[in-house]
Structure formats: C-alpha cells, structure tokens
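Engineer: Contents of my_file29.tsv (TSV, C-alpha atoms):
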chain	number	residue	atom	x	y	z
A	1	MET	CA	32.75	22.05	5.38
A	2	THR	CA	35.41	20.42	3.19
A	3	ARG	CA	34.14	16.97	4.17
A	4	ARG	CA	30.59	17.98	3.35
A	5	LEU	CA	31.61	19.24	-0.09
A	6	ALA	CA	33.49	16.01	-0.80
A	7	GLU	CA	30.61	13.75	0.30
A	8	VAL	CA	27.99	15.64	-1.69
A	9	ALA	CA	30.23	15.82	-4.75
A	10	LYS	CA	30.83	12.07	-4.60
A	11	LYS	CA	27.11	11.36	-4.15
A	12	VAL	CA	26.12	13.44	-7.19
A	13	GLY	CA	29.17	12.70	-9.34
A	14	VAL	CA	30.26	16.33	-9.80
A	15	SER	CA	33.23	18.40	-8.65
A	16	GLU	CA	33.47	20.02	-5.22
A	17	ALA	CA	33.61	23.36	-7.01
A	18	THR	CA	30.20	22.70	-8.55
A	19	VAL	CA	28.77	21.82	-5.12
A	20	SER	CA	30.25	25.01	-3.72
A	21	ARG	CA	28.64	27.10	-6.47
A	22	VAL	CA	25.23	25.60	-5.67
A	23	LEU	CA	25.59	26.15	-1.92
A	24	ASN	CA	26.63	29.75	-2.44
A	25	GLY	CA	23.96	30.49	-5.04
A	26	LYS	CA	26.49	31.20	-7.82
A	27	PRO	CA	25.55	30.91	-11.53
A	28	GLY	CA	27.02	28.41	-14.01
A	29	VAL	CA	25.21	25.28	-12.77
A	30	SER	CA	22.39	23.58	-14.67
A	31	GLU	CA	19.04	23.22	-12.90
A	32	PRO	CA	19.13	19.37	-12.86
A	33	THR	CA	22.59	19.44	-11.28
A	34	ARG	CA	21.51	22.05	-8.76
A	35	GLN	CA	18.52	19.94	-7.74
A	36	ALA	CA	20.69	16.82	-7.51
A	37	VAL	CA	23.09	18.61	-5.16
A	38	LEU	CA	20.24	19.83	-2.95
A	39	SER	CA	18.73	16.32	-2.85
A	40	ALA	CA	22.12	14.89	-1.88
A	41	LEU	CA	22.33	17.35	1.00
A	42	ASP	CA	18.95	16.17	2.25
A	43	VAL	CA	19.76	12.48	1.86
A	44	LEU	CA	23.12	12.83	3.64
A	45	GLY	CA	21.48	14.70	6.51
A	46	TYR	CA	23.17	18.08	6.00
A	47	GLU	CA	21.22	21.29	6.52
A	48	ARG	CA	20.68	23.42	3.48
A	49	PRO	CA	22.19	26.92	3.47
A	50	THR	CA	19.75	29.44	4.91
A	51	GLN	CA	18.98	31.04	1.54
A	52	LEU	CA	17.97	27.65	0.09
A	53	ARG	CA	15.74	26.40	2.89
A	54	GLY	CA	12.60	27.92	1.46
A	55	GLU	CA	12.63	25.43	-1.39
A	56	ARG	CA	11.15	22.02	-1.00
A	57	ALA	CA	13.55	19.14	-1.24
A	58	ARG	CA	13.39	16.70	-4.14
A	59	LEU	CA	12.42	14.10	-1.56
A	60	VAL	CA	9.15	12.17	-1.51
A	61	GLY	CA	7.94	10.29	1.54
A	62	LEU	CA	6.79	6.74	0.86
A	63	VAL	CA	4.82	5.63	3.93
A	64	LEU	CA	4.03	1.92	4.34
A	65	PRO	CA	2.25	0.16	7.22
A	66	GLU	CA	4.63	-2.84	7.21
A	67	LEU	CA	7.06	-4.87	5.12
A	68	GLN	CA	6.10	-8.40	6.21
A	69	ASN	CA	3.23	-8.57	3.73
A	70	PRO	CA	4.99	-8.90	0.32
A	71	ILE	CA	2.49	-6.55	-1.34
A	72	PHE	CA	4.05	-3.52	0.36
A	73	PRO	CA	7.67	-4.09	-0.74
A	74	ALA	CA	6.24	-4.68	-4.22
A	75	PHE	CA	4.52	-1.28	-4.17
A	76	ALA	CA	7.69	0.31	-2.75
A	77	GLU	CA	9.78	-1.08	-5.60
A	78	VAL	CA	7.45	0.22	-8.32
A	79	ILE	CA	6.82	3.62	-6.72
A	80	GLY	CA	10.47	4.13	-5.75
A	81	GLY	CA	11.65	3.31	-9.27
A	82	ALA	CA	9.13	5.64	-10.88
A	83	LEU	CA	10.10	8.48	-8.53
A	84	ALA	CA	13.80	7.99	-9.28
A	85	GLN	CA	13.10	8.26	-13.02
A	86	LEU	CA	11.68	11.72	-12.34
A	87	GLY	CA	14.71	12.80	-10.30
A	88	LEU	CA	12.82	12.45	-7.02
A	89	THR	CA	14.32	10.57	-4.06
A	90	PRO	CA	11.98	8.26	-2.12
A	91	VAL	CA	12.26	8.27	1.67
A	92	LEU	CA	10.89	4.95	2.96
A	93	CYS	CA	8.89	5.23	6.19
A	94	THR	CA	7.77	1.89	7.58
A	95	GLN	CA	5.75	1.59	10.75
A	96	THR	CA	6.63	-1.00	13.36
A	97	LYS	CA	4.66	-2.10	16.40
A	98	GLY	CA	5.58	0.21	19.26
A	99	GLY	CA	7.88	2.20	16.97
A	100	VAL	CA	7.56	5.42	15.00
A	101	SER	CA	3.92	6.21	14.21
A	102	GLU	CA	2.49	7.44	10.93
A	103	ALA	CA	1.95	10.89	12.47
A	104	ASP	CA	5.60	10.96	13.66
A	105	TYR	CA	6.79	10.15	10.16
A	106	VAL	CA	4.69	12.98	8.74
A	107	SER	CA	6.33	15.40	11.20
A	108	LEU	CA	9.79	14.20	10.18
A	109	LEU	CA	8.95	14.51	6.48
A	110	LEU	CA	7.65	18.05	6.97
A	111	GLN	CA	10.91	18.97	8.70
A	112	GLN	CA	12.76	17.73	5.61
A	113	GLN	CA	10.56	19.94	3.41
A	114	VAL	CA	9.57	17.04	1.18
A	115	SER	CA	8.03	17.65	-2.22
A	116	GLY	CA	5.21	15.19	-1.57
A	117	VAL	CA	4.07	12.00	0.16
A	118	VAL	CA	2.67	8.70	-1.13
A	119	PHE	CA	0.82	6.55	1.41
A	120	ALA	CA	0.49	2.91	0.32
A	121	GLY	CA	-1.70	1.52	3.08
A	122	GLY	CA	-2.23	3.29	6.37
A	123	LEU	CA	-4.63	4.97	8.77
A	124	TYR	CA	-6.41	6.83	5.97
A	125	ALA	CA	-8.24	3.55	5.18
A	126	GLN	CA	-9.66	3.29	8.73
A	127	ALA	CA	-12.60	5.51	9.59
A	128	ASP	CA	-12.01	5.37	13.36
A	129	ALA	CA	-8.26	6.06	13.25
A	130	PRO	CA	-6.66	9.49	13.95
A	131	HIS	CA	-6.35	11.63	10.83
A	132	ASP	CA	-4.95	14.94	12.09
A	133	HIS	CA	-1.59	14.37	10.38
A	134	TYR	CA	-3.32	14.19	6.98
A	135	ARG	CA	-5.04	17.49	7.64
A	136	LEU	CA	-1.66	18.96	8.54
A	137	LEU	CA	-0.32	17.92	5.12
A	138	ALA	CA	-3.35	19.49	3.45
A	139	GLU	CA	-2.89	22.76	5.37
A	140	ARG	CA	0.74	22.92	4.23
A	141	ASN	CA	-0.33	22.24	0.62
A	142	ILE	CA	1.95	19.20	0.41
A	143	PRO	CA	1.11	17.00	-2.61
A	144	VAL	CA	-0.27	13.65	-1.39
A	145	VAL	CA	-1.52	10.49	-3.09
A	146	LEU	CA	-3.28	7.65	-1.25
A	147	VAL	CA	-3.08	4.07	-2.55
A	148	ASN	CA	-6.14	1.86	-1.99
A	149	ALA	CA	-9.43	3.13	-0.64
A	150	ALA	CA	-9.33	6.07	1.74
A	151	ILE	CA	-12.11	7.36	3.94
A	152	GLU	CA	-14.09	10.22	2.45
A	153	HIS	CA	-13.45	13.93	3.08
A	154	LEU	CA	-9.63	13.76	3.33
A	155	GLY	CA	-9.49	15.61	0.02
A	156	PHE	CA	-6.51	13.81	-1.57
A	157	PRO	CA	-6.40	12.01	-4.94
A	158	GLY	CA	-6.20	8.24	-4.74
A	159	VAL	CA	-5.25	5.18	-6.76
A	160	SER	CA	-7.11	1.98	-5.87
A	161	CYS	CA	-7.78	-1.55	-6.96
A	162	ASP	CA	-11.52	-2.06	-7.46
A	163	ASP	CA	-12.56	-4.02	-4.35
A	164	ALA	CA	-16.06	-4.71	-5.64
A	165	VAL	CA	-14.77	-6.29	-8.84
A	166	ALA	CA	-12.20	-8.31	-6.85
A	167	VAL	CA	-14.88	-9.88	-4.65
A	168	GLU	CA	-17.17	-10.46	-7.61
A	169	GLN	CA	-14.41	-12.36	-9.43
A	170	ALA	CA	-13.58	-14.50	-6.39
A	171	TRP	CA	-17.22	-15.15	-5.47
A	172	ARG	CA	-18.31	-16.12	-9.00
A	173	HIS	CA	-15.30	-18.44	-9.28
A	174	LEU	CA	-16.28	-20.32	-6.11
A	175	ALA	CA	-19.96	-20.36	-7.11
A	176	SER	CA	-19.04	-21.82	-10.51
A	177	LEU	CA	-17.33	-24.67	-8.65
A	178	GLY	CA	-20.56	-25.45	-6.82
A	179	HIS	CA	-19.86	-23.71	-3.51
A	180	GLU	CA	-23.04	-22.49	-1.85
A	181	ARG	CA	-21.71	-21.78	1.65
A	182	ILE	CA	-19.09	-19.09	1.01
A	183	GLY	CA	-17.50	-17.03	3.79
A	184	LEU	CA	-15.47	-13.83	3.89
A	185	VAL	CA	-12.46	-13.01	6.05
A	186	LEU	CA	-12.09	-9.22	6.11
A	187	GLY	CA	-10.14	-6.58	8.00
A	188	PRO	CA	-11.58	-4.40	10.82
A	189	GLU	CA	-15.12	-3.00	10.47
A	190	ASP	CA	-13.86	0.56	9.92
A	191	HIS	CA	-11.46	-0.56	7.14
A	192	VAL	CA	-12.74	0.97	3.89
A	193	PRO	CA	-11.50	-1.70	1.41
A	194	SER	CA	-13.03	-4.40	3.61
A	195	ALA	CA	-16.33	-2.51	3.78
A	196	ARG	CA	-16.37	-2.28	0.00
A	197	LYS	CA	-15.70	-6.00	-0.32
A	198	LEU	CA	-18.52	-6.81	2.09
A	199	ALA	CA	-20.98	-4.58	0.24
A	200	ALA	CA	-20.04	-6.21	-3.06
A	201	ALA	CA	-20.53	-9.72	-1.65
A	202	ARG	CA	-23.95	-8.82	-0.24
A	203	ALA	CA	-24.96	-7.43	-3.62
A	204	LEU	CA	-24.11	-10.77	-5.21
A	205	ALA	CA	-25.80	-13.19	-2.84
A	206	GLU	CA	-27.42	-13.62	0.55
A	207	LEU	CA	-24.55	-13.54	3.02
A	208	PRO	CA	-25.40	-14.44	6.63
A	209	ASP	CA	-23.56	-12.44	9.28
A	210	GLU	CA	-22.07	-15.65	10.64
A	211	HIS	CA	-20.30	-16.16	7.31
A	212	VAL	CA	-18.32	-12.92	7.78
A	213	ALA	CA	-15.26	-12.99	10.03
A	214	ARG	CA	-12.89	-10.14	10.91
A	215	ALA	CA	-9.13	-10.50	11.25
A	216	MET	CA	-5.88	-8.65	11.57
A	217	PHE	CA	-3.97	-8.63	8.28
A	218	SER	CA	-1.68	-11.52	9.18
A	219	LEU	CA	-1.36	-15.28	8.81
A	220	GLU	CA	-2.31	-15.78	12.47
A	221	GLY	CA	-5.33	-13.49	12.13
A	222	GLY	CA	-6.46	-15.38	9.03
A	223	GLN	CA	-6.09	-18.72	10.78
A	224	ALA	CA	-8.23	-17.67	13.76
A	225	ALA	CA	-10.96	-16.10	11.62
A	226	ALA	CA	-11.08	-18.96	9.11
A	227	SER	CA	-11.38	-21.47	11.97
A	228	ARG	CA	-14.60	-19.77	13.02
A	229	LEU	CA	-15.99	-19.93	9.48
A	230	ILE	CA	-15.07	-23.60	9.08
A	231	GLU	CA	-16.93	-24.36	12.31
A	232	ARG	CA	-19.98	-22.69	10.77
A	233	GLY	CA	-19.87	-24.98	7.74
A	234	VAL	CA	-18.47	-22.87	4.91
A	235	THR	CA	-16.76	-24.72	2.04
A	236	GLY	CA	-15.25	-21.68	0.28
A	237	ILE	CA	-13.42	-18.74	1.86
A	238	VAL	CA	-12.68	-15.38	0.21
A	239	CYS	CA	-9.88	-13.51	2.01
A	240	ALA	CA	-8.92	-9.82	2.12
A	241	SER	CA	-5.19	-10.53	1.68
A	242	ASP	CA	-2.82	-13.34	0.74
A	243	PRO	CA	-1.36	-13.73	4.26
A	244	ILE	CA	-4.92	-14.09	5.61
A	245	ALA	CA	-5.56	-16.74	2.93
A	246	LEU	CA	-2.45	-18.68	3.94
A	247	GLY	CA	-3.75	-18.59	7.51
A	248	ALA	CA	-7.06	-20.00	6.25
A	249	VAL	CA	-5.23	-22.87	4.54
A	250	ARG	CA	-3.42	-23.60	7.80
A	251	ALA	CA	-6.69	-23.47	9.75
A	252	ALA	CA	-8.22	-26.08	7.45
A	253	ARG	CA	-5.22	-28.36	7.78
A	254	ARG	CA	-5.14	-28.08	11.57
A	255	ARG	CA	-8.69	-29.44	11.50
A	256	GLY	CA	-7.67	-32.36	9.31
A	257	LEU	CA	-9.34	-30.93	6.19
A	258	GLN	CA	-7.82	-31.01	2.71
A	259	VAL	CA	-7.36	-27.86	0.60
A	260	PRO	CA	-8.90	-27.71	-1.97
A	261	SER	CA	-10.92	-30.96	-1.95
A	262	GLN	CA	-12.79	-30.07	1.26
A	263	ILE	CA	-12.15	-26.33	1.69
A	264	SER	CA	-11.41	-23.84	-1.13
A	265	VAL	CA	-9.51	-20.62	-0.36
A	266	VAL	CA	-9.10	-17.44	-2.45
A	267	GLY	CA	-6.57	-14.74	-1.52
A	268	TYR	CA	-6.18	-11.13	-2.58
A	269	ASP	CA	-3.10	-9.28	-3.93
A	270	ASP	CA	-1.15	-12.04	-5.75
A	271	SER	CA	1.94	-11.03	-3.82
A	272	ALA	CA	5.34	-12.69	-4.21
A	273	PHE	CA	5.64	-16.48	-3.89
A	274	MET	CA	1.90	-17.22	-3.87
A	275	ASN	CA	2.54	-19.57	-6.79
A	276	CYS	CA	5.07	-21.44	-4.61
A	277	THR	CA	2.80	-22.25	-1.67
A	278	GLU	CA	1.27	-25.69	-1.14
A	279	PRO	CA	-1.17	-25.71	-2.75
A	280	PRO	CA	-0.39	-22.71	-5.00
A	281	LEU	CA	-2.84	-19.98	-3.99
A	282	THR	CA	-5.79	-18.94	-6.11
A	283	THR	CA	-5.95	-15.19	-5.62
A	284	VAL	CA	-7.10	-11.88	-7.11
A	285	ARG	CA	-4.18	-9.89	-8.49
A	286	GLN	CA	-3.76	-6.18	-7.88
A	287	PRO	CA	-2.14	-4.44	-10.90
A	288	ILE	CA	0.74	-3.15	-8.78
A	289	GLU	CA	2.87	-1.84	-11.65
A	290	ALA	CA	0.07	0.22	-13.21
A	291	MET	CA	-1.19	1.48	-9.85
A	292	GLY	CA	2.27	2.46	-8.58
A	293	ARG	CA	3.14	4.36	-11.75
A	294	ALA	CA	-0.24	6.12	-11.77
A	295	ALA	CA	0.28	7.21	-8.15
A	296	VAL	CA	3.64	8.77	-9.08
A	297	GLU	CA	2.16	10.48	-12.15
A	298	VAL	CA	-0.60	12.04	-10.05
A	299	LEU	CA	1.91	13.13	-7.40
A	300	ASN	CA	4.30	14.61	-9.97
A	301	ALA	CA	1.47	16.58	-11.57
A	302	GLN	CA	0.72	18.12	-8.17
A	303	ILE	CA	4.40	18.88	-7.56
A	304	GLY	CA	4.51	20.62	-10.94
A	305	GLY	CA	1.61	22.85	-9.95
A	306	SER	CA	-1.09	21.22	-12.08
A	307	PRO	CA	-4.55	21.06	-10.53
A	308	VAL	CA	-5.40	17.45	-9.69
A	309	PRO	CA	-8.99	16.60	-8.68
A	310	ALA	CA	-9.38	14.78	-5.38
A	311	GLU	CA	-10.83	11.72	-7.05
A	312	GLU	CA	-10.05	8.02	-6.94
A	313	LEU	CA	-8.66	6.16	-9.96
A	314	LEU	CA	-9.94	2.58	-9.93
A	315	PHE	CA	-7.88	-0.22	-11.46
A	316	GLU	CA	-9.22	-3.59	-12.57
A	317	PRO	CA	-8.02	-6.68	-10.68
A	318	GLU	CA	-7.50	-10.11	-12.24
A	319	LEU	CA	-8.46	-13.55	-10.90
A	320	VAL	CA	-5.49	-15.94	-10.94
A	321	VAL	CA	-6.70	-19.54	-10.59
A	322	ARG	CA	-4.22	-21.97	-9.04
A	323	GLY	CA	-4.48	-24.97	-6.76
A	324	SER	CA	-6.32	-23.79	-3.63
A	325	THR	CA	-9.81	-23.94	-5.18
A	326	ALA	CA	-11.75	-26.93	-6.52
A	327	GLN	CA	-15.26	-28.35	-6.87
A	328	ALA	CA	-17.33	-28.08	-3.70
A	329	PRO	CA	-17.40	-31.30	-1.66
A	330	ARG	CA	-20.57	-33.33	-1.90
A	331	ASP	CA	-22.50	-33.55	1.35
Spell out the structure here as structure tokens.
Structural biologist:
Amino acid sequence: MTRRLAEVAKKVGVSEATVSRVLNGKPGVSEPTRQAVLSALDVLGYERPTQLRGERARLVGLVLPELQNPIFPAFAEVIGGALAQLGLTPVLCTQTKGGVSEADYVSLLLQQQVSGVVFAGGLYAQADAPHDHYRLLAERNIPVVLVNAAIEHLGFPGVSCDDAVAVEQAWRHLASLGHERIGLVLGPEDHVPSARKLAAARALAELPDEHVARAMFSLEGGQAAASRLIERGVTGIVCASDPIALGAVRAARRRGLQVPSQISVVGYDDSAFMNCTEPPLTTVRQPIEAMGRAAVEVLNAQIGGSPVPAEELLFEPELVVRGSTAQAPRD
C-alpha cells in the first residue's frame, strides 16, 4: 500500500497524503487532481478502490492497425497530444500479425473502464470483417470515433479524408501530363476507402477492369499489383497508400523502366520521408493534424455528454507534386 501511494504520488506530482485522500474518498482535493490520481492508478496497473470503480477512467484507447506505415504513427502523435491537452491519457493498441486482435484490445479497454476509443484504421473499414466488438462498445455506450471511411450502420461518428477528391486530384494531374492509360492500385474489394476511390475514378473516365489491381497495404503488395498493371500497358499509376506507391516505383525499376519518364506514380497520405525517396514521391496529402484534432473534439464532446450525430466529417486532401510524375511517354 505504501509503495502504491509513493508511485502514484510521484506520477502525479502530489503528496502521498493527497493520494490517500483520493483513494479514501476524503474531501479537500480538487477535481483535476482527483482525476489525475485515478488516471495514474489505471496507467500504473493498480486496481481502483471498490467505491471508485463505477467511474470511467480518464483513459482513451487509440487503436491502430500497424506502425510500419508512417501515416499511423503520425495520427497517433496528433491524437495522443490532443488527448493529453484535455487531461485524457491515450492507451496505444497496435495490432500485430498473429498477436492481439482488435476485438481482444476492445475487451482489455472495457476492463479498464476507458472513457472512449479512437480507431484510426481497422476492421470497421472492411465490410466482410467481424464487427461484433464495435457493437459491444455501442451497447456499453462507450464514446467512439472512427478515422477514415467506415462501413455503414455501425452508428459511430467519423472523421475522414475525402477519397473521391483525392482520386480526382491524382487522376486530373496525370491526365494533364498526357497520360491516357491510367491504373489504380487499391486495397481489398470490401475496403470502404478503396471502394470510394474506385467509384470516383470511374466517374471521371472509362476505367477498364484490367486497369484496377488489388493489393495488401505494403510495399511488397504494391510491387506485385503494379507489375500486373505495367504488363497491361499503363503509363500512370494512382495508389491507395504511399507504401503501395513505393512498391510501384520498385516494380517499374525491376522491369528496367524509368520513373517518371516511362512510368508515373502517385501515392496517397504524404507520410513521413516521402520527399526523401528517389524520386521524391508525388502524393495526395491527408490533413492529419486537422483530422486528428477533430476526432478528439468529437470524442470529448461525447465524453462530456453532448449528443453527437453519427455522421462523417470529410476533410479536403491536397495534391503534392514532386518527382515521381512527368509527361506521358510518346509511343
């Protein structure tokens, strides 16, 4: 008990006596200090006293599908910082292949009595994936925000980059450079952002099925998919993520083709270091800062008891032209 008091006191920066007053429900402690002590208990892994367990912790789950793609650490940094400014402690939950699943993380977060959960990428964007853990959160009335294009009927508010505008910007850029045979490398068929991108491309121009390739969201997946498109004669490739785009660049080079003089490639996200690649990657930038802060604002409103409609806030992307696109080669 003494050790617990000392650790919590050190974590919060208050006296052990103050911690003791909070744990025993005694008066004379400000509400911010009381909440800080309770959050410290949660973070350090100590159980709350029985009389305090009914309250939700000042913890917020931040669930990410991976950390290899730089876009997800970027979202984590913005969202985590915004939560901390509100006195909320982010709990990072990252999935790994063969490791803890998204549903397992939700169970763990519910055990910790979290105040809310932000999902920045996950199974909610795949129509054919299991969604029972989201329904469990809804049944418990846990505030939730989904970042980037969820399937319908989950009933949570969302914050998304406008996929249709992103594809329109990339497509028009390649068309302005004279590219007539443009291909798309997208995620799985049940992936909502990819479906939106495909619909937007087909609204812009005739897009043969053979100019659409599917890939896992990785460099290797992008390389394999782009190789198929290059075989089919495309000269410009629009990709659903920056790692996929880097795979497309590698696919072109493995075939002895120059980027951008023979093949132009456009990424999506404008994640870290895309201006340092060779060539620097032309890509469509997600407004990560604005989206992350909006997600936290929506979550905090729910935590505070304000009614938040289950609608999607769409943010405008921005085309960033660098060195991976150029005039279409002359036949």
Engineer: Can you tell me how far CA of Asp132 in chain A sits from CA of Leu64 in chain A, in Å to one decimal?
Structural biologist: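 Pair CA of Asp132 in chain A / CA of Leu64 in chain A returns 17.6 Å.
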Engineer: Excluding same-chain residues fewer than 2 positions from Ala294 in chain A, what lies within 12 Å of it counting only C-alpha atoms, as a PyMOL selection string?
Structural biologist: chain A and resi 75+78-79+82-83+118+145-147+157-161+287-292+296-301+312-315
Engineer: Using all atoms listed in the file, pick whichever of A:Gly13, A:Pro65, A:Gly222, A:Gly99 has the shortest atom-to-atom distance to Gly267 in chain A.
Structural biologist: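 Among the listed residues, the smallest separation from Gly267 in chain A belongs to A:Gly222.
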Engineer: Give me, please, the distance in Å between CA of Val37 in chain A and CA of Pro307 in chain A, quoted to one decimal.
Structural biologist: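 Going from CA of Val37 in chain A over to CA of Pro307 in chain A covers 28.3 Å.
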Engineer: Expressed in Å to a single decimal, how great is the separation between CA of Gln113 in chain A and CA of Val60 in chain A?
Structural biologist: 9.3 Å
Engineer: Which residue gives the smallest distance to Pro49 in chain A among A:Ser20, A:Gln68, A:Gln327, A:Gln262, with all atoms listed in the file counted?
Structural biologist: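 The closest residue to Pro49 in chain A is A:Ser20.
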Engineer: Taking into account only C-alpha atoms, which residue in the set A:Ala224, A:Leu23, A:Val234, A:Ile263 is nearest to Pro208 in chain A?
Structural biologist: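 Using only C-alpha atoms, the shortest distance to Pro208 in chain A belongs to A:Val234.
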Engineer: Nearest to Val8 in chain A: which of A:Arg330, A:Arg34, A:Arg322, A:Arg232 is it, counting all atoms listed in the file?
Structural biologist: A:Arg34
Engineer: Mind checking which residues fall within 12 Å of Ser241 in chain A, counting only C-alpha atoms, ignoring those fewer than 3 positions away in the same chain, and posting them as an NGL selection string?
Structural biologist: :A and (69-72 or 163 or 166-167 or 184-187 or 193-194 or 197 or 215-219 or 221-222 or 237-238 or 244-248 or 265-271 or 274 or 281-286)
Engineer: Of the candidates A:Glu210, A:Glu152, A:Asp242, A:Asp42, which one gets nearest to Leu229 in chain A if we count all atoms listed in the file?
Structural biologist: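 Checking each candidate against Leu229 in chain A, we get A:Glu210 as the closest.
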Engineer: Kindly indicate which residue among A:Leu136, A:Ala175, A:Ala199, A:Leu41 lies nearest to Gln112 in chain A, using only C-alpha atoms for the distances.
Structural biologist: A:Leu41
Engineer: For Ala40 in chain A, find every residue with an atom within 12 Å (counting all atoms listed in the file), except residues of its own chain fewer than 6 positions away, and show them as an NGL selection string.
Structural biologist: :A and (4-14 or 19 or 22-23 or 33-34 or 46-48 or 57-59 or 87-89)
Engineer: Kindly export the residues of the current selection with C-alpha atoms, as a tab-separated table (two decimals), keeping the file's coordinate frame.
Structural biologist:
chain	number	residue	atom	x	y	z
A	4	ARG	CA	30.59	17.98	3.35
A	5	LEU	CA	31.61	19.24	-0.09
A	6	ALA	CA	33.49	16.01	-0.80
A	7	GLU	CA	30.61	13.75	0.30
A	8	VAL	CA	27.99	15.64	-1.69
A	9	ALA	CA	30.23	15.82	-4.75
A	10	LYS	CA	30.83	12.07	-4.60
A	11	LYS	CA	27.11	11.36	-4.15
A	12	VAL	CA	26.12	13.44	-7.19
A	13	GLY	CA	29.17	12.70	-9.34
A	14	VAL	CA	30.26	16.33	-9.80
A	19	VAL	CA	28.77	21.82	-5.12
A	22	VAL	CA	25.23	25.60	-5.67
A	23	LEU	CA	25.59	26.15	-1.92
A	33	THR	CA	22.59	19.44	-11.28
A	34	ARG	CA	21.51	22.05	-8.76
A	46	TYR	CA	23.17	18.08	6.00
A	47	GLU	CA	21.22	21.29	6.52
A	48	ARG	CA	20.68	23.42	3.48
A	57	ALA	CA	13.55	19.14	-1.24
A	58	ARG	CA	13.39	16.70	-4.14
A	59	LEU	CA	12.42	14.10	-1.56
A	87	GLY	CA	14.71	12.80	-10.30
A	88	LEU	CA	12.82	12.45	-7.02
A	89	THR	CA	14.32	10.57	-4.06
Engineer: Name all residues at most 12 Å from Arg202 in chain A (count all atoms listed in the file; drop same-chain ones fewer than 5 positions away) and give them as a list in words.
Structural biologist: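 Near neighbours after the sequence-gap exclusion: Ala164, Val167, Glu168, Trp171, Ile182, Gly183, Leu184, Ala195, Arg196, Lys197, Leu207, Pro208, Asp209, His211 and Val212 of chain A.
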Engineer: Would you pick out the contacts of Phe156 in chain A at 9 Å or less, using only C-alpha atoms, so that residues sharing its chain but fewer than 4 positions from it are not included, and give the list as JSON, numbers by chain?
Structural biologist: {"A": [138, 143, 144, 145, 146, 150, 308, 309, 310, 311, 312]}
Engineer: Could you write out as JSON the box around range 80-85 of chain A (axis-aligned, all atoms listed in the file, 5 Å on each side), with centre and edge lengths in Å to one decimal?
Structural biologist:
{"center_x": 11.5, "center_y": 5.9, "center_z": -9.4, "size_x": 14.7, "size_y": 15.2, "size_z": 17.3}
